[in-house]
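Engineer: You'll find protein18.pdb just under this line, and it carries PDB, C-alpha atoms.
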ATOM      1  CA  MET A   1      89.195 119.398  87.424
ATOM      2  CA  LYS A   2      90.644 119.428  90.903
ATOM      3  CA  ARG A   3      93.855 119.541  92.826
ATOM      4  CA  ARG A   4      95.652 118.879  96.055
ATOM      5  CA  SER A   5      93.273 118.420  98.960
ATOM      6  CA  PHE A   6      94.990 116.692 101.885
ATOM      7  CA  LEU A   7      96.915 118.290 104.713
ATOM      8  CA  SER A   8      99.892 116.584 104.829
ATOM      9  CA  ALA A   9      96.424 101.776  84.968
ATOM     10  CA  SER A  10      94.089  99.552  85.893
ATOM     11  CA  LEU A  11      91.248  98.813  88.277
ATOM     12  CA  GLY A  12      93.135  95.899  89.887
ATOM     13  CA  ALA A  13      93.507  96.146  93.663
ATOM     14  CA  ILE A  14      96.823  96.899  95.328
ATOM     15  CA  ALA A  15      97.810  93.774  97.246
ATOM     16  CA  ALA A  16      97.772  94.334 100.983
ATOM     17  CA  GLY A  17      98.247  90.840 102.340
ATOM     18  CA  ALA A  18     101.835  90.320 101.211
ATOM     19  CA  CYS A  19     103.373  93.010 103.389
ATOM     20  CA  ALA A  20     105.583  91.142 105.871
ATOM     21  CA  TRP A  21     107.177  93.446 108.448
ATOM     22  CA  PRO A  22     110.949  94.059 107.874
ATOM     23  CA  ARG A  23     112.892  93.972 111.137
ATOM     24  CA  HIS A  24     115.169  96.918 111.964
ATOM     25  CA  ALA A  25     113.899  98.832 108.930
ATOM     26  CA  PRO A  26     114.136 102.634 109.119
ATOM     27  CA  VAL A  27     111.828 105.042 107.301
ATOM     28  CA  HIS A  28     113.336 106.326 104.050
ATOM     29  CA  THR A  29     111.850 109.392 102.367
ATOM     30  CA  GLY A  30     112.173 111.263  99.105
ATOM     31  CA  VAL A  31     110.656 114.320  97.435
ATOM     32  CA  ALA A  32     110.500 115.757  93.939
ATOM     33  CA  LEU A  33     108.540 118.307  91.916
ATOM     34  CA  ALA A  34     105.653 117.280  89.676
ATOM     35  CA  PHE A  35     102.103 118.433  88.911
ATOM     36  CA  GLY A  36     102.989 121.908  90.112
ATOM     37  CA  THR A  37     103.601 120.693  93.655
ATOM     38  CA  THR A  38     105.897 118.568  95.805
ATOM     39  CA  ILE A  39     105.387 114.830  95.536
ATOM     40  CA  GLN A  40     106.617 112.626  98.348
ATOM     41  CA  ILE A  41     107.363 109.033  99.218
ATOM     42  CA  ALA A  42     108.039 107.266 102.500
ATOM     43  CA  LEU A  43     108.945 103.598 102.704
ATOM     44  CA  MET A  44     110.308 100.959 105.038
ATOM     45  CA  HIS A  45     113.176  98.733 103.968
ATOM     46  CA  ALA A  46     116.172  97.302 105.780
ATOM     47  CA  ASP A  47     118.570  97.748 102.844
ATOM     48  CA  GLU A  48     119.255 101.464 102.362
ATOM     49  CA  PRO A  49     120.721 101.204  98.821
ATOM     50  CA  VAL A  50     117.641  99.280  97.697
ATOM     51  CA  ALA A  51     115.406 101.821  99.398
ATOM     52  CA  ARG A  52     117.157 104.705  97.653
ATOM     53  CA  MET A  53     116.840 103.036  94.246
ATOM     54  CA  ALA A  54     113.159 102.396  94.903
ATOM     55  CA  ILE A  55     112.597 106.039  95.837
ATOM     56  CA  ARG A  56     114.483 107.235  92.766
ATOM     57  CA  ASP A  57     112.476 105.030  90.424
ATOM     58  CA  ALA A  58     109.154 105.870  92.084
ATOM     59  CA  LEU A  59     109.669 109.613  91.825
ATOM     60  CA  ALA A  60     110.851 109.258  88.229
ATOM     61  CA  ALA A  61     107.756 107.223  87.372
ATOM     62  CA  ALA A  62     105.470 109.937  88.762
ATOM     63  CA  GLN A  63     107.369 112.702  86.993
ATOM     64  CA  ARG A  64     107.096 110.835  83.703
ATOM     65  CA  VAL A  65     103.309 110.836  84.016
ATOM     66  CA  ASP A  66     103.396 114.587  84.623
ATOM     67  CA  ARG A  67     105.578 115.146  81.545
ATOM     68  CA  LEU A  68     103.184 113.119  79.411
ATOM     69  CA  MET A  69      99.910 114.540  80.664
ATOM     70  CA  SER A  70     100.456 118.142  81.703
ATOM     71  CA  ILE A  71      98.151 120.659  80.044
ATOM     72  CA  TYR A  72     100.803 123.353  80.546
ATOM     73  CA  GLN A  73     104.101 121.830  79.394
ATOM     74  CA  PRO A  74     104.591 122.236  75.606
ATOM     75  CA  GLY A  75     106.458 118.935  75.466
ATOM     76  CA  SER A  76     103.595 116.900  76.910
ATOM     77  CA  GLN A  77     101.428 114.736  74.701
ATOM     78  CA  VAL A  78      98.239 116.230  76.149
ATOM     79  CA  TYR A  79      99.473 119.756  75.379
ATOM     80  CA  GLN A  80     100.259 118.708  71.796
ATOM     81  CA  LEU A  81      96.870 117.033  71.430
ATOM     82  CA  ASN A  82      95.027 120.125  72.626
ATOM     83  CA  ARG A  83      97.089 122.338  70.322
ATOM     84  CA  ASP A  84      96.778 120.229  67.171
ATOM     85  CA  GLY A  85      93.574 118.255  67.699
ATOM     86  CA  VAL A  86      95.434 115.068  66.833
ATOM     87  CA  LEU A  87      98.283 113.120  68.427
ATOM     88  CA  ARG A  88     100.061 110.364  66.561
ATOM     89  CA  GLN A  89     101.859 107.499  68.275
ATOM     90  CA  PRO A  90     100.404 108.132  71.730
ATOM     91  CA  ASP A  91     102.301 106.732  74.678
ATOM     92  CA  ALA A  92     100.913 103.535  76.198
ATOM     93  CA  GLN A  93     100.455 105.269  79.545
ATOM     94  CA  LEU A  94      98.391 108.021  77.962
ATOM     95  CA  LEU A  95      96.225 105.392  76.303
ATOM     96  CA  ALA A  96      95.734 103.652  79.652
ATOM     97  CA  VAL A  97      94.502 106.880  81.248
ATOM     98  CA  LEU A  98      92.254 107.697  78.283
ATOM     99  CA  ALA A  99      90.735 104.230  78.555
ATOM    100  CA  GLN A 100      90.033 104.795  82.260
ATOM    101  CA  ALA A 101      88.536 108.193  81.446
ATOM    102  CA  ARG A 102      86.188 106.636  78.911
ATOM    103  CA  ALA A 103      85.183 103.897  81.363
ATOM    104  CA  LEU A 104      84.403 106.474  84.063
ATOM    105  CA  SER A 105      82.421 108.610  81.646
ATOM    106  CA  GLN A 106      80.340 105.596  80.682
ATOM    107  CA  LEU A 107      79.930 104.532  84.313
ATOM    108  CA  THR A 108      78.811 108.003  85.443
ATOM    109  CA  HIS A 109      76.745 108.807  82.340
ATOM    110  CA  GLY A 110      79.020 111.728  81.528
ATOM    111  CA  ALA A 111      79.401 113.234  85.001
ATOM    112  CA  PHE A 112      83.108 112.571  84.591
ATOM    113  CA  ASP A 113      84.341 114.164  81.378
ATOM    114  CA  ILE A 114      87.929 115.003  80.438
ATOM    115  CA  THR A 115      86.734 117.408  77.718
ATOM    116  CA  VAL A 116      85.645 120.107  80.222
ATOM    117  CA  GLN A 117      88.826 122.068  79.473
ATOM    118  CA  PRO A 118      86.943 124.655  77.330
ATOM    119  CA  LEU A 119      84.767 125.410  80.372
ATOM    120  CA  TRP A 120      87.869 125.898  82.518
ATOM    121  CA  ARG A 121      89.268 128.302  79.944
ATOM    122  CA  ALA A 122      86.048 130.291  79.690
ATOM    123  CA  TRP A 123      85.707 130.641  83.452
ATOM    124  CA  SER A 124      89.353 131.328  84.243
ATOM    125  CA  GLU A 125      89.685 133.921  81.473
ATOM    126  CA  ALA A 126      86.514 135.720  82.575
ATOM    127  CA  VAL A 127      87.567 135.714  86.236
ATOM    128  CA  ALA A 128      90.970 137.100  85.245
ATOM    129  CA  ARG A 129      89.069 140.072  83.806
ATOM    130  CA  GLY A 130      87.140 140.489  87.060
ATOM    131  CA  ALA A 131      83.885 138.988  85.812
ATOM    132  CA  LEU A 132      82.060 135.698  85.320
ATOM    133  CA  PRO A 133      81.417 134.298  81.838
ATOM    134  CA  VAL A 134      78.145 135.492  80.372
ATOM    135  CA  PRO A 135      75.548 132.877  79.350
ATOM    136  CA  ALA A 136      76.601 133.006  75.695
ATOM    137  CA  GLN A 137      80.217 132.255  76.634
ATOM    138  CA  ARG A 138      79.122 129.352  78.820
ATOM    139  CA  ARG A 139      76.979 127.903  76.043
ATOM    140  CA  GLN A 140      79.805 128.234  73.541
ATOM    141  CA  ALA A 141      82.246 126.429  75.849
ATOM    142  CA  LYS A 142      79.713 123.763  76.819
ATOM    143  CA  ALA A 143      79.105 122.990  73.139
ATOM    144  CA  ARG A 144      82.722 121.794  72.919
ATOM    145  CA  VAL A 145      82.353 119.327  75.796
ATOM    146  CA  ASP A 146      81.584 115.714  74.871
ATOM    147  CA  TRP A 147      83.706 112.782  76.028
ATOM    148  CA  ARG A 148      82.277 110.626  73.214
ATOM    149  CA  GLN A 149      84.150 112.703  70.655
ATOM    150  CA  VAL A 150      87.577 111.686  71.962
ATOM    151  CA  GLU A 151      88.750 108.918  69.663
ATOM    152  CA  PHE A 152      91.901 106.947  70.302
ATOM    153  CA  ASP A 153      93.759 103.787  69.449
ATOM    154  CA  ALA A 154      97.401 102.731  69.401
ATOM    155  CA  ARG A 155      98.073 104.848  66.311
ATOM    156  CA  GLN A 156      96.556 108.203  67.245
ATOM    157  CA  VAL A 157      94.238 110.288  69.413
ATOM    158  CA  THR A 158      91.857 112.775  67.820
ATOM    159  CA  LEU A 159      89.551 115.498  69.132
ATOM    160  CA  ALA A 160      86.639 117.216  67.449
ATOM    161  CA  PRO A 161      87.330 120.822  66.352
ATOM    162  CA  GLY A 162      87.557 123.273  69.246
ATOM    163  CA  MET A 163      87.803 120.576  71.890
ATOM    164  CA  ALA A 164      90.513 120.192  74.529
ATOM    165  CA  ILE A 165      91.047 117.727  77.345
ATOM    166  CA  THR A 166      92.413 117.793  80.851
ATOM    167  CA  LEU A 167      93.617 114.701  82.697
ATOM    168  CA  ASN A 168      93.933 116.545  86.003
ATOM    169  CA  GLY A 169      91.184 114.319  87.397
ATOM    170  CA  LEU A 170      93.180 111.138  86.761
ATOM    171  CA  ALA A 171      96.873 111.812  86.195
ATOM    172  CA  GLN A 172      97.970 112.299  89.800
ATOM    173  CA  GLY A 173      96.202 109.158  90.914
ATOM    174  CA  TYR A 174      97.723 107.239  88.019
ATOM    175  CA  ALA A 175     101.142 108.635  88.901
ATOM    176  CA  ALA A 176     100.732 107.347  92.448
ATOM    177  CA  ASP A 177      99.900 103.893  91.077
ATOM    178  CA  MET A 178     102.942 103.919  88.813
ATOM    179  CA  ALA A 179     105.173 105.097  91.656
ATOM    180  CA  LEU A 180     103.929 102.322  93.913
ATOM    181  CA  ALA A 181     104.526  99.757  91.184
ATOM    182  CA  ALA A 182     108.107 101.033  90.845
ATOM    183  CA  VAL A 183     108.628 100.688  94.609
ATOM    184  CA  GLN A 184     107.201  97.176  94.708
ATOM    185  CA  ALA A 185     109.447  96.147  91.809
ATOM    186  CA  HIS A 186     112.349  96.571  94.249
ATOM    187  CA  GLY A 187     110.713  94.276  96.793
ATOM    188  CA  VAL A 188     109.484  97.075  99.040
ATOM    189  CA  ARG A 189     106.279  96.086 100.821
ATOM    190  CA  HIS A 190     105.703  99.057 103.120
ATOM    191  CA  ALA A 191     105.255 102.434 101.435
ATOM    192  CA  LEU A 192     103.137 105.581 101.257
ATOM    193  CA  LEU A 193     103.100 107.563  98.012
ATOM    194  CA  ASP A 194     101.821 111.147  97.821
ATOM    195  CA  THR A 195     101.410 112.693  94.381
ATOM    196  CA  GLY A 196      98.533 114.876  95.500
ATOM    197  CA  GLU A 197      96.565 111.634  95.748
ATOM    198  CA  PHE A 198      97.706 108.804  98.003
ATOM    199  CA  VAL A 199      98.379 105.082  97.737
ATOM    200  CA  ALA A 200      99.795 102.879 100.464
ATOM    201  CA  CYS A 201     100.705  99.325 101.305
ATOM    202  CA  GLY A 202     101.951  97.812 104.524
ATOM    203  CA  ARG A 203     102.579  99.898 107.622
ATOM    204  CA  LYS A 204     104.800 102.684 108.875
ATOM    205  CA  ARG A 205     105.837 100.720 111.951
ATOM    206  CA  ALA A 206     105.142  97.202 113.210
ATOM    207  CA  HIS A 207     102.004  98.388 114.998
ATOM    208  CA  GLN A 208     101.507 101.787 113.342
ATOM    209  CA  PRO A 209      99.580 102.164 110.086
ATOM    210  CA  TRP A 210     100.082 104.866 107.508
ATOM    211  CA  THR A 211      97.890 107.775 108.586
ATOM    212  CA  LEU A 212      96.276 110.548 106.548
ATOM    213  CA  GLY A 213      94.329 113.587 107.663
ATOM    214  CA  VAL A 214      91.475 114.853 105.474
ATOM    215  CA  ARG A 215      91.026 118.600 105.760
ATOM    216  CA  ASP A 216      87.735 120.221 106.558
ATOM    217  CA  PRO A 217      86.555 122.042 103.396
ATOM    218  CA  ARG A 218      85.834 125.245 105.312
ATOM    219  CA  GLU A 219      88.454 125.123 108.090
ATOM    220  CA  PRO A 220      91.889 124.558 106.522
ATOM    221  CA  GLN A 221      93.543 123.771 109.858
ATOM    222  CA  ALA A 222      90.820 121.331 110.968
ATOM    223  CA  LEU A 223      90.424 117.661 110.081
ATOM    224  CA  ALA A 224      87.221 116.161 108.747
ATOM    225  CA  ALA A 225      88.614 112.642 109.062
ATOM    226  CA  THR A 226      91.677 110.646 110.019
ATOM    227  CA  LEU A 227      92.354 107.568 107.913
ATOM    228  CA  PHE A 228      94.563 104.549 108.506
ATOM    229  CA  ILE A 229      95.310 103.091 105.104
ATOM    230  CA  ASN A 230      96.868  99.893 103.818
ATOM    231  CA  GLY A 231      96.501  98.426 100.373
ATOM    232  CA  CYS A 232      94.273 101.174  99.027
ATOM    233  CA  ALA A 233      94.247 104.670  97.581
ATOM    234  CA  VAL A 234      92.687 107.912  98.802
ATOM    235  CA  ALA A 235      91.747 111.040  96.849
ATOM    236  CA  THR A 236      89.818 114.194  97.723
ATOM    237  CA  SER A 237      88.060 116.749  95.525
ATOM    238  CA  GLY A 238      86.869 120.023  97.000
ATOM    239  CA  ASP A 239      85.300 123.282  95.922
ATOM    240  CA  TYR A 240      87.967 125.194  97.856
ATOM    241  CA  ALA A 241      90.967 124.056  95.799
ATOM    242  CA  THR A 242      90.435 126.670  93.075
ATOM    243  CA  SER A 243      87.374 128.857  93.629
ATOM    244  CA  PHE A 244      86.226 131.461  91.133
ATOM    245  CA  THR A 245      83.979 133.157  93.717
ATOM    246  CA  PRO A 246      84.409 133.652  97.489
ATOM    247  CA  ASP A 247      81.254 131.650  98.235
ATOM    248  CA  HIS A 248      82.738 128.556  96.489
ATOM    249  CA  LEU A 249      79.649 128.232  94.283
ATOM    250  CA  HIS A 250      81.797 128.511  91.141
ATOM    251  CA  HIS A 251      85.043 126.571  91.087
ATOM    252  CA  HIS A 252      87.311 124.338  89.047
ATOM    253  CA  ILE A 253      85.059 121.260  89.025
ATOM    254  CA  PHE A 254      82.423 121.376  86.285
ATOM    255  CA  ASP A 255      79.173 119.583  85.702
ATOM    256  CA  PRO A 256      79.345 118.970  81.945
ATOM    257  CA  ALA A 257      75.555 118.916  81.697
ATOM    258  CA  VAL A 258      75.147 122.528  82.841
ATOM    259  CA  GLY A 259      78.521 124.142  82.125
ATOM    260  CA  ASP A 260      78.919 125.319  85.707
ATOM    261  CA  SER A 261      80.051 123.898  89.041
ATOM    262  CA  PRO A 262      77.915 121.360  90.938
ATOM    263  CA  GLN A 263      76.135 123.093  93.809
ATOM    264  CA  GLU A 264      75.564 120.487  96.541
ATOM    265  CA  LEU A 265      78.912 119.272  97.877
ATOM    266  CA  ALA A 266      81.941 121.044  99.306
ATOM    267  CA  SER A 267      84.225 118.001  99.220
ATOM    268  CA  VAL A 268      84.329 114.286  98.555
ATOM    269  CA  THR A 269      86.996 111.891  99.785
ATOM    270  CA  VAL A 270      87.178 108.479  98.125
ATOM    271  CA  MET A 271      88.906 105.291  99.198
ATOM    272  CA  ALA A 272      89.410 102.893  96.273
ATOM    273  CA  PRO A 273      91.638 100.041  95.103
ATOM    274  CA  THR A 274      93.823 102.281  92.934
ATOM    275  CA  GLY A 275      94.906 105.892  92.849
ATOM    276  CA  MET A 276      93.550 106.513  89.378
ATOM    277  CA  LEU A 277      90.127 105.173  90.296
ATOM    278  CA  ALA A 278      90.005 107.145  93.557
ATOM    279  CA  ASP A 279      91.110 110.286  91.719
ATOM    280  CA  GLY A 280      88.498 110.017  88.988
ATOM    281  CA  LEU A 281      85.661 109.018  91.293
ATOM    282  CA  SER A 282      86.278 111.895  93.677
ATOM    283  CA  THR A 283      85.674 114.298  90.800
ATOM    284  CA  ALA A 284      82.707 112.355  89.458
ATOM    285  CA  PHE A 285      81.091 112.124  92.900
ATOM    286  CA  MET A 286      81.301 115.902  93.325
ATOM    287  CA  VAL A 287      79.277 116.232  90.130
ATOM    288  CA  LEU A 288      76.832 113.431  90.915
ATOM    289  CA  GLY A 289      75.992 114.680  94.401
ATOM    290  CA  ARG A 290      75.641 112.661  97.580
ATOM    291  CA  GLU A 291      72.740 110.362  96.759
ATOM    292  CA  ARG A 292      73.847 109.293  93.297
ATOM    293  CA  ALA A 293      77.468 109.031  94.431
ATOM    294  CA  ALA A 294      76.458 106.773  97.314
ATOM    295  CA  LEU A 295      74.505 104.471  95.020
ATOM    296  CA  LEU A 296      77.387 104.199  92.574
ATOM    297  CA  ALA A 297      79.984 103.650  95.309
ATOM    298  CA  ALA A 298      77.902 100.835  96.770
ATOM    299  CA  SER A 299      78.055  99.037  93.413
ATOM    300  CA  LEU A 300      81.873  99.242  93.108
ATOM    301  CA  PRO A 301      84.076  96.769  95.028
ATOM    302  CA  GLY A 302      86.437  98.436  97.488
ATOM    303  CA  VAL A 303      85.032 101.942  97.000
ATOM    304  CA  ASP A 304      83.868 104.108  99.918
ATOM    305  CA  LEU A 305      83.406 107.836 100.359
ATOM    306  CA  LEU A 306      83.005 110.718 102.741
ATOM    307  CA  ALA A 307      80.831 113.510 101.333
ATOM    308  CA  ILE A 308      80.538 116.935 102.982
ATOM    309  CA  ASP A 309      77.954 119.381 101.718
ATOM    310  CA  LYS A 310      78.162 123.155 101.676
ATOM    311  CA  GLN A 311      76.364 123.373 105.012
ATOM    312  CA  GLY A 312      79.009 121.173 106.643
ATOM    313  CA  ARG A 313      76.847 118.064 106.900
ATOM    314  CA  GLU A 314      78.771 114.795 106.514
ATOM    315  CA  TRP A 315      77.798 111.456 105.047
ATOM    316  CA  ARG A 316      79.988 108.332 105.146
ATOM    317  CA  SER A 317      79.382 105.125 103.251
ATOM    318  CA  ALA A 318      79.265 101.905 105.264
ATOM    319  CA  GLY A 319      82.924 101.031 104.728
ATOM    320  CA  PHE A 320      84.371 104.499 105.283
ATOM    321  CA  PRO A 321      86.103 104.756 108.679
ATOM    322  CA  PRO A 322      83.960 106.393 111.386
ATOM    323  CA  GLN A 323      84.964 109.727 112.826
ATOM    324  CA  ALA A 324      87.437 109.355 115.705
ATOM    325  CA  SER A 325      85.911 110.116 119.092
TER     326      SER A 325
END
Translate this file's structure into structure tokens.

Structural biologist:
Amino acid sequence: MKRRSFLSASLGAIAAGACAWPRHAPVHTGVALAFGTTIQIALMHADEPVARMAIRDALAAAQRVDRLMSIYQPGSQVYQLNRDGVLRQPDAQLLAVLAQARALSQLTHGAFDITVQPLWRAWSEAVARGALPVPAQRRQAKARVDWRQVEFDARQVTLAPGMAITLNGLAQGYAADMALAAVQAHGVRHALLDTGEFVACGRKRAHQPWTLGVRDPREPQALAATLFINGCAVATSGDYATSFTPDHLHHHIFDPAVGDSPQELASVTVMAPTGMLADGLSTAFMVLGRERAALLAASLPGVDLLAIDKQGREWRSAGFPPQAS
């Protein structure tokens, strides 16, 4: 669905009010590989051994999500599900993400749909041959897209014949949530987690918040926004992340209703209570377009967005930070 866009299990909010400032606490950092990229963590804690254990556990938590939900690793449960059409004894974390996927599909009337993987295959295979998929190929792939045909419970997950899923629109956000939970289990109250999506609590310094720069969708070295975050998550989807055509009209985000990419927006950045929610909504809002995305965001507690269309025009919801002067 989408991937890394910034420069640098539930819908429950990340607590921001309990972050007391630790005196004489240095910044501790850690990095690892997951989701085909480098994931990072920075945290403040006065006790270095505790900080190191927190970093270790946070990175391991994120990597576990990747191992479970990768569409490329043969050992992942999602890979096995796509291969066999059925997965027995699904992991509890996979079930949590599938439940969020279903909730988002219902909320967006199908604009968010994890079963768009056949469309990705049709487009990527055609582009690899130097062409775009012909209408018949698009129709054939689109016929295999229907989130309502993903059935799951604690015993098994099943797909209709020919279907396949991708959790790329949720897994990195969920991994950030799990990493933050691992950090907080060690008593850390000031941290920034980057799994490709971001979650944060507390501050970087006593009077310095965690800061993120949102890239301009058409100028990679320029910023569309600078965000100071605490107790929330941030995710961006953009047409530039994986484009099938130089004009960015055809890319890795698909509108399930038409079997092609949505045409209005170049990028959407979402601030939300959790990484998984921000991740999923940023994809859904790209498909919905500015007006419908704005209406939906206004109905969701703690959700705000910055939408940028293909002409470079920006729109910010009421709670999204204004552009710095």

Engineer: Which is closest to Ala101 (chain A) among A:Asp66, A:Asp279, A:Asp57, A:Asp47, if we use only C-alpha atoms?

Structural biologist: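 Among the listed residues, the smallest separation from Ala101 (chain A) belongs to A:Asp279.
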
Engineer: Please write the residues picked by the PyMOL selection byres ((chain A and resi 289) around 9) on this file as a list in words.

Structural biologist: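 That expression, the PyMOL selection byres ((chain A and resi 289) around 9), corresponds here to Pro262, Gln263, Glu264, Leu265, Ala284, Phe285, Met286, Val287, Leu288, Arg290, Glu291, Arg292, Ala293, Ala294, Ala307 and Asp309 of chain A.
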
Engineer: Using the chain letters and numbers from the file, which residues does the PyMOL selection byres ((chain A and resi 240) around 9) grab, as an MDAnalysis selection string?

Structural biologist: chainID A and resid 5 217:218 237:239 241:243 248 251:252 266:267

Engineer: Which of these, A:Lys310, A:Gln137, A:Gln323, A:Ala111, has the shortest distance to Leu223 (chain A) once you count all atoms listed in the file?

Structural biologist: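 When distances to Leu223 (chain A) are compared using all atoms listed in the file, the smallest one comes from A:Gln323.
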
Engineer: In Å to one decimal, how far is CA of Gly30 (chain A) from CA of Leu277 (chain A)?

Structural biologist: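 CA of Gly30 (chain A) lies 24.5 Å from CA of Leu277 (chain A).
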
Engineer: On this structure, which residues satisfy the PyMOL selection byres ((chain A and resi 260) around 9), written as a PyMOL selection string?

Structural biologist: chain A and resi 119+123+138+250-251+253-259+261-263

Engineer: Which residue is closest to Thr115 (chain A)? Choose from A:Gly75, A:Gly130, A:Pro301, A:Pro161 and count all atoms listed in the file.

Structural biologist: A:Pro161

Engineer: Counting all atoms listed in the file, which of A:Leu95, A:Ala171, A:Val199, A:Trp120 gets nearest to Val183 (chain A)?

Structural biologist: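 Among the listed residues, the smallest separation from Val183 (chain A) belongs to A:Val199.
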
Engineer: So the first atom is CA of Glu314 (chain A) and the second is CA of Asn230 (chain A); what is the distance between them in Å, to one decimal place?

Structural biologist: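 Computing the Euclidean distance for CA of Glu314 (chain A) and CA of Asn230 (chain A) yields 23.6 Å.
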
Engineer: Give me the residues within 12 Å of Gly36 (chain A) as a PyMOL selection string, counting all atoms listed in the file and dropping any in the same chain fewer than 5 places off.

Structural biologist: chain A and resi 3-4+63+66-67+70-73+168+172+195-196
